file my_file38.txt (compact mmCIF, C-alpha atoms)
# COMPACT_ATOMS: atom_id res chain seq x y z
CA MET A 13 23.48 21.27 13.66
CA VAL A 14 22.80 24.11 11.22
CA PHE A 15 23.50 21.73 8.35
CA LEU A 16 21.11 19.13 9.76
CA ALA A 17 18.39 21.73 10.29
CA GLY A 18 18.82 22.93 6.72
CA LEU A 19 18.73 19.38 5.42
CA ALA A 20 15.55 18.68 7.38
CA GLY A 21 13.97 21.80 5.94
CA LEU A 22 14.97 20.77 2.44
CA LEU A 23 13.49 17.32 2.92
CA LEU A 24 10.26 18.88 4.14
CA VAL A 25 10.05 21.04 1.02
CA LEU A 26 10.77 18.07 -1.22
CA THR A 27 8.09 16.04 0.54
CA VAL A 28 5.51 18.79 0.04
CA GLU A 29 6.40 19.20 -3.61
CA ALA A 30 6.09 15.43 -4.10
CA LYS A 31 2.38 15.44 -3.24
CA ILE A 32 1.29 18.89 -4.41
CA GLY A 33 2.56 20.34 -7.64
CA ASN A 34 1.95 21.77 -11.08
CA SER A 35 -1.57 21.08 -12.28
CA ASP A 36 -0.39 19.71 -15.63
CA LEU A 37 1.18 16.65 -13.96
CA PRO A 38 -0.03 14.00 -13.71
CA THR A 39 -3.70 14.97 -14.03
CA SER A 40 -4.60 16.73 -17.28
CA PHE A 41 -8.14 17.22 -15.97
CA CYS A 42 -6.87 19.57 -13.23
CA THR A 43 -6.52 22.68 -15.37
CA GLU A 44 -7.86 25.72 -13.49
CA THR A 45 -5.42 25.99 -10.58
CA LYS A 46 -1.66 26.41 -10.25
CA GLU A 47 -1.30 23.37 -8.00
CA CYS A 48 -3.14 20.09 -7.62
CA LEU A 49 -3.01 17.05 -5.40
CA LEU A 50 -0.66 14.60 -7.12
CA TYR A 51 -0.82 10.83 -6.94
CA ASP A 52 0.74 7.59 -8.09
CA LEU A 53 -1.41 5.36 -10.26
CA VAL A 54 -1.33 1.91 -8.71
CA CYS A 55 -3.50 0.08 -11.24
CA GLU A 56 -6.45 0.34 -13.61
CA ARG A 57 -9.31 -2.09 -13.96
CA ASP A 58 -12.61 -2.08 -15.77
CA GLY A 59 -14.82 0.32 -13.80
CA TYR A 60 -12.22 1.85 -11.47
CA GLU A 61 -8.60 2.72 -10.85
CA VAL A 62 -6.50 2.62 -7.70
CA ARG A 63 -4.39 5.60 -6.67
CA HIS A 64 -1.88 6.24 -3.92
CA TYR A 65 -1.96 9.63 -2.18
CA GLU A 66 0.67 10.88 0.24
CA PRO A 67 -0.29 12.81 3.40
CA ALA A 68 -1.56 16.37 2.87
CA LYS A 69 -3.09 19.18 4.93
CA TRP A 70 -6.50 20.61 4.07
CA VAL A 71 -8.71 23.43 5.31
CA THR A 72 -12.11 22.00 6.16
CA THR A 73 -15.66 22.74 7.27
CA GLU A 74 -18.75 20.61 7.94
CA GLU A 75 -22.38 21.16 7.05
CA LYS A 76 -25.44 19.00 7.69
CA SER A 77 -28.24 18.98 5.15
CA TYR A 78 -30.82 16.78 3.48
CA ILE A 79 -29.68 18.22 0.14
CA MET A 80 -26.08 17.93 -1.03
CA GLU A 81 -26.23 21.08 -3.17
CA VAL A 82 -27.32 23.22 -0.19
CA ALA A 83 -24.48 21.89 1.98
CA MET A 84 -21.96 22.42 -0.81
CA THR A 85 -22.96 26.06 -1.30
CA THR A 86 -22.71 26.89 2.40
CA ALA A 87 -19.46 25.01 2.96
CA PHE A 88 -17.80 26.39 -0.17
CA GLY A 89 -18.65 29.93 0.93
CA ARG A 90 -16.92 29.46 4.29
CA LEU A 91 -13.77 27.99 2.77
CA PHE A 92 -13.64 30.58 0.01
CA LYS A 93 -13.74 33.35 2.63
CA TYR A 94 -10.80 31.68 4.37
CA ILE A 95 -8.59 31.65 1.27
CA THR A 96 -9.58 35.22 0.33
CA GLY A 97 -8.49 36.76 3.62
CA SER A 98 -10.65 35.52 6.52
CA ASN A 99 -7.62 34.18 8.36
CA GLU A 100 -5.42 35.55 11.13
CA ALA A 101 -2.76 36.67 8.66
CA GLY A 102 -5.33 38.43 6.48
CA ILE A 103 -3.73 37.01 3.34
CA GLU A 104 -5.08 35.51 0.14
CA ILE A 105 -4.27 31.87 -0.52
CA ASP A 106 -4.24 30.29 -3.96
CA MET A 107 -7.07 27.97 -4.88
CA THR A 108 -6.00 24.39 -5.58
CA GLY A 109 -7.61 21.25 -6.92
CA PRO A 110 -9.49 19.16 -6.25
CA VAL A 111 -12.24 20.12 -3.81
CA ILE A 112 -13.28 17.04 -1.85
CA ILE A 113 -16.48 16.34 0.06
CA LYS A 114 -16.48 13.49 2.58
CA THR A 115 -20.02 12.13 2.52
CA GLU A 116 -21.52 9.90 5.19
CA GLU A 117 -23.30 6.76 4.05
CA THR A 118 -25.80 6.29 6.86
CA GLY A 119 -28.57 4.83 4.72
CA ASN A 120 -31.15 6.68 6.85
CA LEU A 121 -33.25 9.03 4.71
CA TRP A 122 -34.85 10.63 7.77
CA ASP A 123 -31.62 12.15 9.11
CA PRO A 124 -29.59 14.90 7.46
CA THR A 125 -26.23 13.88 6.01
CA THR A 126 -22.97 15.39 7.24
CA TYR A 127 -20.96 16.77 4.32
CA THR A 128 -17.33 17.61 5.11
CA MET A 129 -15.80 19.85 2.43
CA SER A 130 -12.06 20.49 2.17
CA PHE A 131 -9.80 22.72 0.10
CA LEU A 132 -6.25 21.45 -0.39
CA LEU A 133 -3.74 23.92 1.04
CA PRO A 134 -1.08 24.91 -1.52
CA SER A 135 2.51 23.80 -0.98
CA ALA A 136 3.53 27.21 0.44
CA HIS A 137 1.04 26.77 3.31
CA GLN A 138 1.23 23.04 3.99
CA SER A 139 3.53 23.33 7.00
CA ALA A 140 2.15 26.46 8.73
CA PRO A 141 -1.14 27.76 7.30
CA PRO A 142 -2.71 30.86 8.87
CA LYS A 143 -5.46 30.07 11.36
CA PRO A 144 -9.06 30.62 10.26
CA THR A 145 -11.06 33.40 11.92
CA ASP A 146 -14.27 31.38 11.52
CA GLU A 147 -14.54 28.78 14.27
CA THR A 148 -16.42 26.41 11.93
CA VAL A 149 -13.35 26.23 9.68
CA PHE A 150 -10.46 24.01 10.76
CA PHE A 151 -7.52 22.00 9.44
CA THR A 152 -7.46 18.29 8.68
CA ASP A 153 -4.53 16.03 7.88
CA MET A 154 -5.27 13.39 5.28
CA PRO A 155 -3.12 10.30 5.88
CA ASP A 156 -1.18 8.27 3.38
CA MET A 157 -3.82 6.20 1.63
CA LYS A 158 -4.86 4.19 -1.39
CA VAL A 159 -8.25 4.90 -2.89
CA TYR A 160 -10.56 3.30 -5.42
CA VAL A 161 -11.61 5.91 -7.98
CA ARG A 162 -14.46 6.19 -10.48
CA SER A 163 -14.45 9.21 -12.82
CA TYR A 164 -17.37 10.86 -14.56
CA GLY A 165 -18.19 14.06 -16.43
CA GLY A 166 -20.87 16.71 -16.14
CA TRP A 167 -21.87 18.32 -12.86
CA MET A 168 -21.34 16.95 -9.38
CA LEU A 169 -24.83 16.84 -7.91
CA PHE A 170 -26.60 14.66 -5.35
CA VAL A 171 -28.06 12.45 -8.08
CA SER A 172 -24.81 12.00 -10.02
CA ASP A 173 -22.75 11.41 -6.88
CA LYS A 174 -25.29 8.87 -5.62
CA LEU A 175 -25.29 7.05 -8.96
CA HIS A 176 -21.53 6.82 -9.36
CA SER A 177 -20.82 5.95 -5.73
CA HIS A 178 -23.34 3.13 -6.09
CA LEU A 179 -21.75 1.91 -9.34
CA LEU A 180 -18.29 1.98 -7.79
CA SER A 181 -19.28 0.24 -4.56
CA THR A 182 -21.16 -2.43 -6.51
CA LYS A 183 -18.10 -3.04 -8.68
CA LEU A 184 -15.83 -3.25 -5.63
CA ASP A 185 -18.16 -5.69 -3.91
CA ASN A 186 -18.24 -7.85 -7.04
CA VAL A 187 -14.44 -8.16 -7.13
CA GLY A 188 -14.17 -8.79 -3.38
CA ALA A 189 -12.44 -5.52 -2.52
CA THR A 190 -12.30 -4.36 1.08
CA TYR A 191 -12.85 -0.64 1.67
CA ASP A 192 -14.38 1.75 4.18
CA LYS A 193 -18.12 1.66 3.55
CA ASN A 194 -19.01 4.33 6.11
CA TYR A 195 -18.30 7.19 3.74
CA HIS A 196 -17.02 8.15 0.31
CA TYR A 197 -15.44 11.25 -1.17
CA ALA A 198 -17.19 13.32 -3.83
CA VAL A 199 -14.37 15.01 -5.73
CA GLY A 200 -14.60 17.97 -8.10
CA TYR A 201 -11.94 19.68 -10.18
CA ASP A 202 -13.81 22.43 -12.04
CA SER A 203 -15.21 25.86 -11.24
CA PRO A 204 -18.83 26.74 -12.10
CA ARG A 205 -17.46 28.83 -14.99
CA LYS A 206 -16.40 25.69 -16.84
CA PHE A 207 -19.21 24.15 -18.90
CA VAL A 208 -17.51 21.47 -21.03
CA ASN A 209 -15.02 18.67 -20.33
CA ARG A 210 -15.82 18.72 -16.64
CA HIS A 211 -14.24 16.05 -14.44
CA ASN A 212 -15.57 14.58 -11.20
CA GLU A 213 -14.69 11.52 -9.17
CA VAL A 214 -15.88 9.22 -6.41
CA TRP A 215 -13.32 7.81 -3.97
CA TYR A 216 -13.55 4.91 -1.54
CA VAL A 217 -10.60 4.40 0.81
CA ALA A 218 -9.06 0.96 0.37
CA GLU A 219 -8.55 -1.30 3.37
CA GLY A 220 -5.70 -3.75 3.07
CA GLU A 221 -4.16 -4.51 -0.29
CA PRO A 222 -6.22 -3.13 -3.20
CA VAL A 223 -7.66 -5.49 -5.79
CA CYS A 224 -5.47 -5.03 -8.85
CA SER A 225 -4.90 -8.53 -10.20
CA SER A 226 -6.32 -8.43 -13.70
CA PRO A 227 -5.06 -8.69 -17.28
CA GLU A 228 -5.61 -4.95 -17.71
CA THR A 229 -3.65 -4.06 -14.58
CA THR A 230 -0.79 -1.58 -14.87
CA THR A 231 1.43 -0.64 -11.97
CA SER A 232 3.25 2.58 -11.24
CA PRO A 233 4.50 2.52 -7.66

call {"tool": "encode", "arguments": {"input": "my_file38.txt", "output": "structure tokens"}}
result
Amino acid sequence: MVFLAGLAGLLLVLTVEAKIGNSDLPTSFCTETKECLLYDLVCERDGYEVRHYEPAKWVTTEEKSYIMEVAMTTAFGRLFKYITGSNEAGIEIDMTGPVIIKTEETGNLWDPTTYTMSFLLPSAHQSAPPKPTDETVFFTDMPDMKVYVRSYGGWMLFVSDKLHSHLLSTKLDNVGATYDKNYHYAVGYDSPRKFVNRHNEVWYVAEGEPVCSSPETTTSP
């Protein structure tokens, strides 16, 4: 029984390390944190790539606003307080990459948008993270999923996110891809201190088998 318990613990550690690891692999654009969310590249096509992400635990908060930048500032502040000691253990937790913002696509300009920001919990805290002291901060479990990804540089702002989410969704519609159109993820990898070679992304969650059949397709299961 002791052996089986130890084996189960080892498998849990290996599973965590498989999805969260050194920031130099496989994403060279994730350079400012010790650990990043890792992925398998499923395929690349003109205008997007498809990635596979394994399940991971995040610390999360929500903010409603008409302006993305206002929501981001408020939400980031809450989550940053959590990782710098505003948790029941009173400990500091390493920052990871990327920061993701789940953005509703209601299409109604008269209502504020719900922005759900999440920090990836590092591997040491994936299984049992300390509870937040702020009731507006909570944990979310991202499931195993495949996502369509469009990358872009510069700063992640309302205008740039709107542009690139539109370009990606238009491309996906043109190739007949099925994906969740109720929301997308705005994804950032860089701190405000970084001014050049910034990297941002837009994600749409694939439904069914992703569209990869193309001469430029490469697979890496």

call {"tool": "residues_around", "arguments": {"input": "my_file38.txt", "residues": "range 196-209 of chain A", "least_positions_apart": "6", "cutoff": "6 Å", "atoms": "all atoms listed in the file", "output": "number ranges by chain"}}
result
A: 42, 109-115, 215-216

call {"tool": "atom_distance", "arguments": {"input": "my_file38.txt", "atom1": "CA of Asp173 in chain A", "atom2": "CA of Glu213 in chain A"}}
result
8.4 Å

call {"tool": "closest_residue", "arguments": {"input": "my_file38.txt", "among": "A:Val171, A:Val187, A:Thr128, A:Asp156", "to": "Met84 in chain A", "atoms": "all atoms listed in the file"}}
result
A:Thr128

call {"tool": "atom_distance", "arguments": {"input": "my_file38.txt", "atom1": "CA of Ile105 in chain A", "atom2": "CA of Leu50 in chain A"}}
result
18.8 Å

call {"tool": "atom_distance", "arguments": {"input": "my_file38.txt", "atom1": "CA of Ser98 in chain A", "atom2": "CA of Met154 in chain A"}}
result
22.8 Å

call {"tool": "residues_around", "arguments": {"input": "my_file38.txt", "residues": "Pro155 in chain A", "least_positions_apart": "5", "cutoff": "9 Å", "atoms": "all atoms listed in the file", "output": "list of chain:residue names"}}
result
A:Tyr65, A:Glu66, A:Pro67, A:Ala68, A:Lys69

call {"tool": "residues_near_point", "arguments": {"input": "my_file38.txt", "point": "(-4.7, -2.7, 0.3)", "cutoff": "9 Å", "atoms": "all atoms listed in the file", "output": "NGL selection string"}}
result
:A and (158-159 or 189-191 or 218-223)

call {"tool": "closest_residue", "arguments": {"input": "my_file38.txt", "among": "A:Phe131, A:Tyr94, A:Trp167, A:Tyr51", "to": "Thr145 in chain A", "atoms": "only C-alpha atoms"}}
result
A:Tyr94

call {"tool": "residues_around", "arguments": {"input": "my_file38.txt", "residues": "Lys93 in chain A", "least_positions_apart": "6", "cutoff": "10 Å", "atoms": "all atoms listed in the file", "output": "CSV table (one decimal) with C-alpha atoms, in the frame of the given file"}}
result
chain,number,residue,atom,x,y,z
A,99,ASN,CA,-7.6,34.2,8.4
A,104,GLU,CA,-5.1,35.5,0.1
A,144,PRO,CA,-9.1,30.6,10.3
A,145,THR,CA,-11.1,33.4,11.9
A,146,ASP,CA,-14.3,31.4,11.5

call {"tool": "residues_near_point", "arguments": {"input": "my_file38.txt", "point": "(-21.4, 9.5, -5.8)", "cutoff": "7 Å", "atoms": "only C-alpha atoms", "output": "ChimeraX atom specification"}}
result
/A:172-178,198,214

call {"tool": "closest_residue", "arguments": {"input": "my_file38.txt", "among": "A:Asp192, A:Ile32, A:Arg63, A:Arg210", "to": "Glu117 in chain A", "atoms": "only C-alpha atoms"}}
result
A:Asp192

call {"tool": "closest_residue", "arguments": {"input": "my_file38.txt", "among": "A:Val149, A:Val54, A:Leu91, A:Met129", "to": "Lys76 in chain A", "atoms": "only C-alpha atoms"}}
result
A:Met129

call {"tool": "axis_aligned_box", "arguments": {"input": "my_file38.txt", "around": "range 185-190 of chain A", "padding_each_side": "4 Å", "output": "lines of an AutoDock Vina configuration file"}}
result
center_x = -15.3
center_y = -6.6
center_z = -3.0
size_x = 13.9
size_y = 12.4
size_z = 16.2

call {"tool": "closest_residue", "arguments": {"input": "my_file38.txt", "among": "A:Tyr78, A:Phe151, A:Phe92, A:Tyr160", "to": "Arg57 in chain A", "atoms": "only C-alpha atoms"}}
result
A:Tyr160

call {"tool": "closest_residue", "arguments": {"input": "my_file38.txt", "among": "A:Val71, A:Val62, A:Ile103, A:Leu133", "to": "Gly33 in chain A", "atoms": "all atoms listed in the file"}}
result
A:Leu133

call {"tool": "decode", "arguments": {"input": "my_file38.txt", "residues": "range 67-78 of chain A", "atoms": "all heavy atoms", "output": "CSV table (one decimal), in the first residue's frame"}}
result
chain,number,residue,atom,x,y,z
A,67,PRO,N,-4.8,19.6,-18.5
A,67,PRO,CA,-5.5,20.2,-17.4
A,67,PRO,C,-4.5,21.0,-16.5
A,67,PRO,O,-3.4,20.5,-16.2
A,67,PRO,CB,-6.2,19.1,-16.6
A,67,PRO,CG,-6.3,18.0,-17.7
A,67,PRO,CD,-5.1,18.1,-18.5
A,68,ALA,N,-4.9,22.1,-15.9
A,68,ALA,CA,-4.1,22.9,-15.0
A,68,ALA,C,-5.0,23.7,-14.1
A,68,ALA,O,-6.1,24.1,-14.4
A,68,ALA,CB,-3.2,23.8,-15.8
A,69,LYS,N,-4.5,24.0,-12.9
A,69,LYS,CA,-5.2,24.8,-11.9
A,69,LYS,C,-4.7,26.3,-12.0
A,69,LYS,O,-3.5,26.5,-12.1
A,69,LYS,CB,-5.1,24.2,-10.5
A,69,LYS,CG,-5.9,24.9,-9.5
A,69,LYS,CD,-5.8,24.3,-8.1
A,69,LYS,CE,-6.4,22.9,-8.1
A,69,LYS,NZ,-7.9,23.0,-8.2
A,70,TRP,N,-5.7,27.2,-11.9
A,70,TRP,CA,-5.4,28.6,-12.0
A,70,TRP,C,-6.0,29.3,-10.8
A,70,TRP,O,-7.0,28.9,-10.2
A,70,TRP,CB,-5.9,29.2,-13.2
A,70,TRP,CG,-5.5,28.6,-14.5
A,70,TRP,CD1,-5.8,27.3,-15.0
A,70,TRP,CD2,-4.6,29.2,-15.5
A,70,TRP,NE1,-5.1,27.1,-16.2
A,70,TRP,CE2,-4.4,28.2,-16.5
A,70,TRP,CE3,-4.0,30.4,-15.6
A,70,TRP,CZ2,-3.7,28.5,-17.7
A,70,TRP,CZ3,-3.2,30.7,-16.8
A,70,TRP,CH2,-3.1,29.7,-17.8
A,71,VAL,N,-5.5,30.5,-10.4
A,71,VAL,CA,-6.1,31.4,-9.4
A,71,VAL,C,-6.8,32.5,-10.3
A,71,VAL,O,-6.1,33.1,-11.2
A,71,VAL,CB,-5.2,31.9,-8.4
A,71,VAL,CG1,-4.0,32.7,-9.0
A,71,VAL,CG2,-5.9,32.7,-7.3
A,72,THR,N,-8.0,32.8,-9.9
A,72,THR,CA,-8.9,33.6,-10.9
A,72,THR,C,-9.7,34.7,-10.1
A,72,THR,O,-10.0,34.5,-9.0
A,72,THR,CB,-9.8,32.6,-11.6
A,72,THR,OG1,-9.0,31.6,-12.3
A,72,THR,CG2,-10.8,33.3,-12.5
A,73,THR,N,-10.0,35.7,-10.9
A,73,THR,CA,-10.9,36.7,-10.4
A,73,THR,C,-11.7,37.3,-11.6
A,73,THR,O,-11.2,37.2,-12.7
A,73,THR,CB,-10.2,37.8,-9.6
A,73,THR,OG1,-11.2,38.6,-9.0
A,73,THR,CG2,-9.4,38.7,-10.5
A,74,GLU,N,-12.9,37.8,-11.3
A,74,GLU,CA,-13.7,38.4,-12.4
A,74,GLU,C,-13.9,39.9,-12.2
A,74,GLU,O,-13.9,40.4,-11.0
A,74,GLU,CB,-15.1,37.7,-12.5
A,74,GLU,CG,-15.0,36.3,-12.8
A,74,GLU,CD,-16.4,35.6,-12.9
A,74,GLU,OE1,-17.4,36.3,-12.3
A,74,GLU,OE2,-16.6,34.5,-13.4
A,75,GLU,N,-14.0,40.6,-13.3
A,75,GLU,CA,-14.3,42.1,-13.2
A,75,GLU,C,-15.1,42.5,-14.4
A,75,GLU,O,-14.8,42.1,-15.5
A,75,GLU,CB,-13.0,42.9,-13.2
A,75,GLU,CG,-13.2,44.3,-13.0
A,75,GLU,CD,-13.7,44.7,-11.6
A,75,GLU,OE1,-13.7,43.9,-10.7
A,75,GLU,OE2,-14.3,45.9,-11.5
A,76,LYS,N,-16.2,43.2,-14.2
A,76,LYS,CA,-17.0,43.7,-15.3
A,76,LYS,C,-16.6,45.2,-15.6
A,76,LYS,O,-16.4,46.0,-14.6
A,76,LYS,CB,-18.5,43.7,-14.9
A,76,LYS,CG,-19.1,42.3,-15.0
A,76,LYS,CD,-20.6,42.3,-14.8
A,76,LYS,CE,-21.3,41.0,-15.1
A,76,LYS,NZ,-22.7,41.0,-15.0
A,77,SER,N,-16.6,45.5,-16.8
A,77,SER,CA,-16.2,46.8,-17.2
A,77,SER,C,-16.5,47.1,-18.7
A,77,SER,O,-16.6,46.1,-19.5
A,77,SER,CB,-14.7,47.1,-17.0
A,77,SER,OG,-14.3,48.4,-17.4
A,78,TYR,N,-16.7,48.3,-19.1
A,78,TYR,CA,-16.9,48.7,-20.5
A,78,TYR,C,-15.5,48.8,-21.1
A,78,TYR,O,-15.4,48.7,-22.4
A,78,TYR,CB,-17.6,50.0,-20.6
A,78,TYR,CG,-19.1,50.0,-20.2
A,78,TYR,CD1,-19.5,50.4,-18.9
A,78,TYR,CD2,-20.0,49.5,-21.1
A,78,TYR,CE1,-20.8,50.4,-18.6
A,78,TYR,CE2,-21.4,49.4,-20.7
A,78,TYR,CZ,-21.8,49.9,-19.4
A,78,TYR,OH,-23.1,49.9,-19.1
